[in-house]
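Note sheet for the following structure.
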Amino acid sequence: MSERMVHYVSDAPFDPYTIEALTPEQERVFMASRWLMMWWKFKRHKIAVTAGIILLVSYLSIIIVEILTPYNLHTRNTDFIFAPPQSVHMIHDGVFRGPFVYPLKFKLNLDTLKREYSEDETTPQPIRFFCLSDGYKFWGLIPGSFHVVCAPDGGTLFLLGTDRLGRDMASRLMYGGRISLTVGLIGITISFLLGISIGGAAGYFGGWVDKTVQRVIEILRSLPELPLWMALSAALPVTWSPLYVYLGITVILGLLDWPGLARAVRSKLLSLREEDYVTAARLMGAKPSRIIGAHLLPNFMSHLIASASLSIPSMILGETALSFLGLGLRPPVTSWGVLLAEAQNIEAVALYPWLMLPMLPVVIVVLAFNFLGDGLRDAADPYE
């Protein structure tokens, strides 16, 4: 005799508000939008948050770089050529004096022909804050002379030393960040517009469109990247103004970076275009551009975010390499690559090692973008 399962059915009327009430925390999670959940998960990635703060401060600083730097970009201190970094002190003769520097004095070593600097520790010179100093034009438009920090009256403030013309390296480093950091943003904008539109068309329509795009991508990716950058950069007319050269470099970096993104977008769209929600949108009369932009691209947003976070530092490195080799930006434009070009010979490295300091912000920014990309990629999939 087979056992029969007994079913119990409640005769009580259904009341969705009393059967299983949600706690405030559960309701907050269930009602949260996708972007809010991405933000919650991103905040738990401490390294990514730190990297994001570093990048945010870096990009905000380049907006007001004229105010933050103690010297104008082109100010020359001809009496202090190749001066080493000055130390900031707080205590003089056992007495707290606030931030100050000691004046520099030098003598020429006739054996090595090197300027040897030393500090005169008898006369402390206090550093000035929120003061008027070197004149400038804010973004080349508005004249001003207000600075957050200034050199002492009658003294100098070379926190990272000076170059062969006596120009303050710290000020030039911050001015160079305005060029190097914006190259990546403009370049990735061009790359994304091309990669998403071309790759999206290839993946959605298929057929001859896909075959044509694939052959073009294969040709571009078969060419060595750095020599191609160098060839295109060398083709820029030498008579162009610094602004046109800057725009030319950013366009070159953007035009050569899109094939990888286009191939990734194409492969994703090939797998998603047969989904039921895509067919429903197509039957309702949605245009291909709306289907791709509103229904398909959001499904692999995490990959797009990761691609952007990795492409921007590669473009910064590309501009730095081209400028270092003399094929990218050239003076009077100032970027990190242009600053590093002055440290090409072993003599500069051995005698004036502070000329290599522009490589530090390059390393920091590239690492920050990579860590930020990892955090954003994980946060873009909040349900995993």
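Residues in the structure tokens are numbered from 1 in each chain, the chains being A, B, ... in the order shown, and ligands are numbered from 1 in the order shown.
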Spatial neighbours of A:Arg178, max dist 8 Å, only C-alpha atoms, sep filter under 5 positions, as an MDAnalysis selection string: chainID A and resid 59 62:63 65 335
May I have the residues from that selection written out with N, CA and C atoms, as a PDB file, in the first residue's frame?
ATOM      1  N   TYR A  59      42.614  65.255 -11.162  1.00  0.00           N
ATOM      2  CA  TYR A  59      41.885  65.947 -12.220  1.00  0.00           C
ATOM      3  C   TYR A  59      41.315  67.280 -11.737  1.00  0.00           C
ATOM      4  N   ILE A  62      44.218  69.963 -11.843  1.00  0.00           N
ATOM      5  CA  ILE A  62      44.646  70.531 -13.122  1.00  0.00           C
ATOM      6  C   ILE A  62      43.707  71.661 -13.569  1.00  0.00           C
ATOM      7  N   ILE A  63      42.532  71.744 -12.960  1.00  0.00           N
ATOM      8  CA  ILE A  63      41.612  72.825 -13.303  1.00  0.00           C
ATOM      9  C   ILE A  63      42.135  74.157 -12.782  1.00  0.00           C
ATOM     10  N   VAL A  65      45.425  74.714 -11.692  1.00  0.00           N
ATOM     11  CA  VAL A  65      46.863  74.513 -11.514  1.00  0.00           C
ATOM     12  C   VAL A  65      47.613  75.834 -11.387  1.00  0.00           C
ATOM     13  N   SER A 335      54.241  68.590 -20.957  1.00  0.00           N
ATOM     14  CA  SER A 335      53.584  67.372 -20.480  1.00  0.00           C
ATOM     15  C   SER A 335      54.632  66.553 -19.733  1.00  0.00           C
TER      16      SER A 335
END
Distance query stretch 240-257 of chain A at most 7 Å, only C-alpha atoms, self and fewer than 6 positions along chain excluded, as a ChimeraX atom specification: /A:183,186-188,190-191,233,315,328-329,333
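Note that the spacing between atom CA of A:Arg164 and atom CA of A:Thr320 amounts to 20.2 Å.
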Selection near stretch 365-375 of chain A, 10 Å with only C-alpha atoms, sequence-local residues under 3 positions removed, as an MDAnalysis selection string: chainID A and resid 38 41:55 58 181 302:303 305:317 360:362 378:380
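With only C-alpha atoms as the basis for measurement, A:Tyr204 is the residue among A:Tyr204, A:Val213, A:Ala83, A:Ala262 that approaches A:His295 most closely.
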DSSP-assigned strand (DSSP E) members of stretch 6-107 of chain A, reported as number ranges by chain: A: 89-92, 95-101, 104-107
Helix (DSSP H, G or I) per DSSP on the backbone: members of stretch 196-310 of chain A, as a PyMOL selection string: chain A and resi 196-205+207-222+225-234+242-255+258-272+276-283+288-310
Which of A:Gly140, A:Thr212, A:Ser87, A:Gly200 sits closest to A:Arg290 [using only C-alpha atoms]: A:Gly200
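Between atom CA of A:Lys105 and atom CA of A:Ser118 the interatomic distance comes to 5.5 Å.
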Spatial neighbours of A:Asp210, 10 Å, only C-alpha atoms, chain gap at least 6 places, as a PyMOL selection string: chain A and resi 198-204+266
Shell of 9 Å around stretch 338-343 of chain A, only C-alpha atoms, local chain residues under 2 positions omitted, as a PyMOL selection string: chain A and resi 163-164+169+172-173+176+320+322-326+328-331+333-336+345-349+352-353+355-359
Export of prior selection with N, CA and C atoms as a short mmCIF file (atom, residue, chain, number, x, y, z; two decimals), in the first residue's frame:
data_model
loop_
_atom_site.label_atom_id
_atom_site.label_comp_id
_atom_site.auth_asym_id
_atom_site.auth_seq_id
_atom_site.Cartn_x
_atom_site.Cartn_y
_atom_site.Cartn_z
N ASP A 163 65.29 72.92 -13.50
CA ASP A 163 65.85 72.29 -14.70
C ASP A 163 67.00 73.13 -15.24
N ARG A 164 67.39 72.86 -16.49
CA ARG A 164 68.57 73.51 -17.06
C ARG A 164 68.36 75.00 -17.31
N MET A 169 60.63 72.67 -11.08
CA MET A 169 60.14 71.38 -11.55
C MET A 169 58.77 71.04 -10.98
N ARG A 172 56.19 72.93 -13.04
CA ARG A 172 56.09 72.37 -14.39
C ARG A 172 55.46 70.98 -14.36
N LEU A 173 55.69 70.22 -13.28
CA LEU A 173 55.09 68.90 -13.16
C LEU A 173 53.57 69.00 -13.07
N GLY A 176 52.25 70.09 -16.42
CA GLY A 176 52.31 68.97 -17.36
C GLY A 176 51.18 67.99 -17.16
N THR A 320 53.26 59.93 -23.32
CA THR A 320 54.53 60.11 -22.63
C THR A 320 55.68 59.54 -23.45
N LEU A 322 55.79 59.00 -26.77
CA LEU A 322 56.01 59.78 -27.99
C LEU A 322 56.72 61.10 -27.68
N SER A 323 56.29 61.77 -26.62
CA SER A 323 56.93 63.04 -26.27
C SER A 323 58.36 62.83 -25.79
N PHE A 324 58.59 61.73 -25.08
CA PHE A 324 59.94 61.42 -24.62
C PHE A 324 60.89 61.18 -25.81
N LEU A 325 60.35 60.57 -26.87
CA LEU A 325 61.16 60.30 -28.06
C LEU A 325 61.23 61.48 -29.01
N GLY A 326 60.55 62.58 -28.67
CA GLY A 326 60.59 63.76 -29.51
C GLY A 326 59.64 63.73 -30.68
N GLY A 328 56.14 63.42 -30.16
CA GLY A 328 54.81 63.83 -29.72
C GLY A 328 54.74 65.32 -29.50
N LEU A 329 54.34 65.69 -28.30
CA LEU A 329 54.26 67.11 -27.97
C LEU A 329 55.66 67.69 -27.78
N ARG A 330 55.81 68.93 -28.15
CA ARG A 330 57.12 69.59 -28.08
C ARG A 330 56.96 70.93 -27.38
N PRO A 331 58.05 71.42 -26.76
CA PRO A 331 57.99 72.75 -26.14
C PRO A 331 57.51 73.78 -27.16
N VAL A 333 54.74 73.46 -25.30
CA VAL A 333 53.77 72.63 -24.60
C VAL A 333 54.51 71.81 -23.54
N THR A 334 53.91 71.69 -22.36
CA THR A 334 54.55 70.97 -21.27
C THR A 334 53.68 69.79 -20.86
N SER A 335 54.24 68.59 -20.96
CA SER A 335 53.58 67.37 -20.48
C SER A 335 54.63 66.55 -19.73
N TRP A 336 54.18 65.47 -19.13
CA TRP A 336 55.13 64.63 -18.40
C TRP A 336 56.16 64.03 -19.35
N ASN A 345 69.84 61.70 -21.30
CA ASN A 345 71.25 61.31 -21.28
C ASN A 345 71.66 60.90 -19.87
N ILE A 346 72.69 60.06 -19.82
CA ILE A 346 73.15 59.51 -18.54
C ILE A 346 73.73 60.58 -17.64
N GLU A 347 74.22 61.67 -18.21
CA GLU A 347 74.79 62.74 -17.40
C GLU A 347 73.70 63.38 -16.53
N ALA A 348 72.54 63.61 -17.13
CA ALA A 348 71.44 64.21 -16.36
C ALA A 348 70.98 63.27 -15.25
N VAL A 349 70.94 61.98 -15.55
CA VAL A 349 70.50 61.01 -14.54
C VAL A 349 71.50 60.94 -13.39
N TYR A 352 71.82 65.08 -11.99
CA TYR A 352 70.58 65.77 -11.61
C TYR A 352 69.42 64.77 -11.61
N PRO A 353 69.40 63.83 -10.67
CA PRO A 353 68.37 62.76 -10.69
C PRO A 353 66.95 63.28 -10.53
N LEU A 355 65.49 65.31 -12.24
CA LEU A 355 64.86 65.50 -13.55
C LEU A 355 64.02 64.30 -13.97
N MET A 356 64.19 63.17 -13.29
CA MET A 356 63.41 61.98 -13.60
C MET A 356 62.14 61.88 -12.76
N LEU A 357 61.88 62.87 -11.91
CA LEU A 357 60.69 62.83 -11.06
C LEU A 357 59.37 62.79 -11.83
N PRO A 358 59.27 63.34 -13.06
CA PRO A 358 57.99 63.24 -13.78
C PRO A 358 57.51 61.83 -14.04
N MET A 359 58.40 60.84 -13.88
CA MET A 359 57.92 59.46 -14.09
C MET A 359 57.06 58.99 -12.91
#
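Residue nearest A:Val88 within the list A:Leu113, A:Met174, A:Ile127, A:Leu60: A:Ile127 [criterion: smallest interatomic distance, only C-alpha atoms].
Of the residues listed (A:Asp79, A:Pro126, A:Ile217, A:Lys114), A:Pro126 shows the shortest atom-to-atom separation from A:Phe96; distances use only C-alpha atoms.
The interatomic distance for the pair atom CA of A:Gly318 and atom CA of A:Ser267 works out to 26.9 Å.
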Residue nearest A:Leu193 among A:Val265, A:Met37, A:Leu296, A:Leu110 (counting only C-alpha atoms): A:Val265
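With only C-alpha atoms as the atoms that count, the minimum distance from A:Leu132 to the choices A:Leu194, A:Leu159, A:Ala151, A:Ala286 is reached by A:Ala151.
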Shell of 10 Å around A:Ile291, only C-alpha atoms, local chain residues under 2 positions omitted, as number ranges by chain: A: 204, 273, 277-279, 281-282, 285-289, 293-297
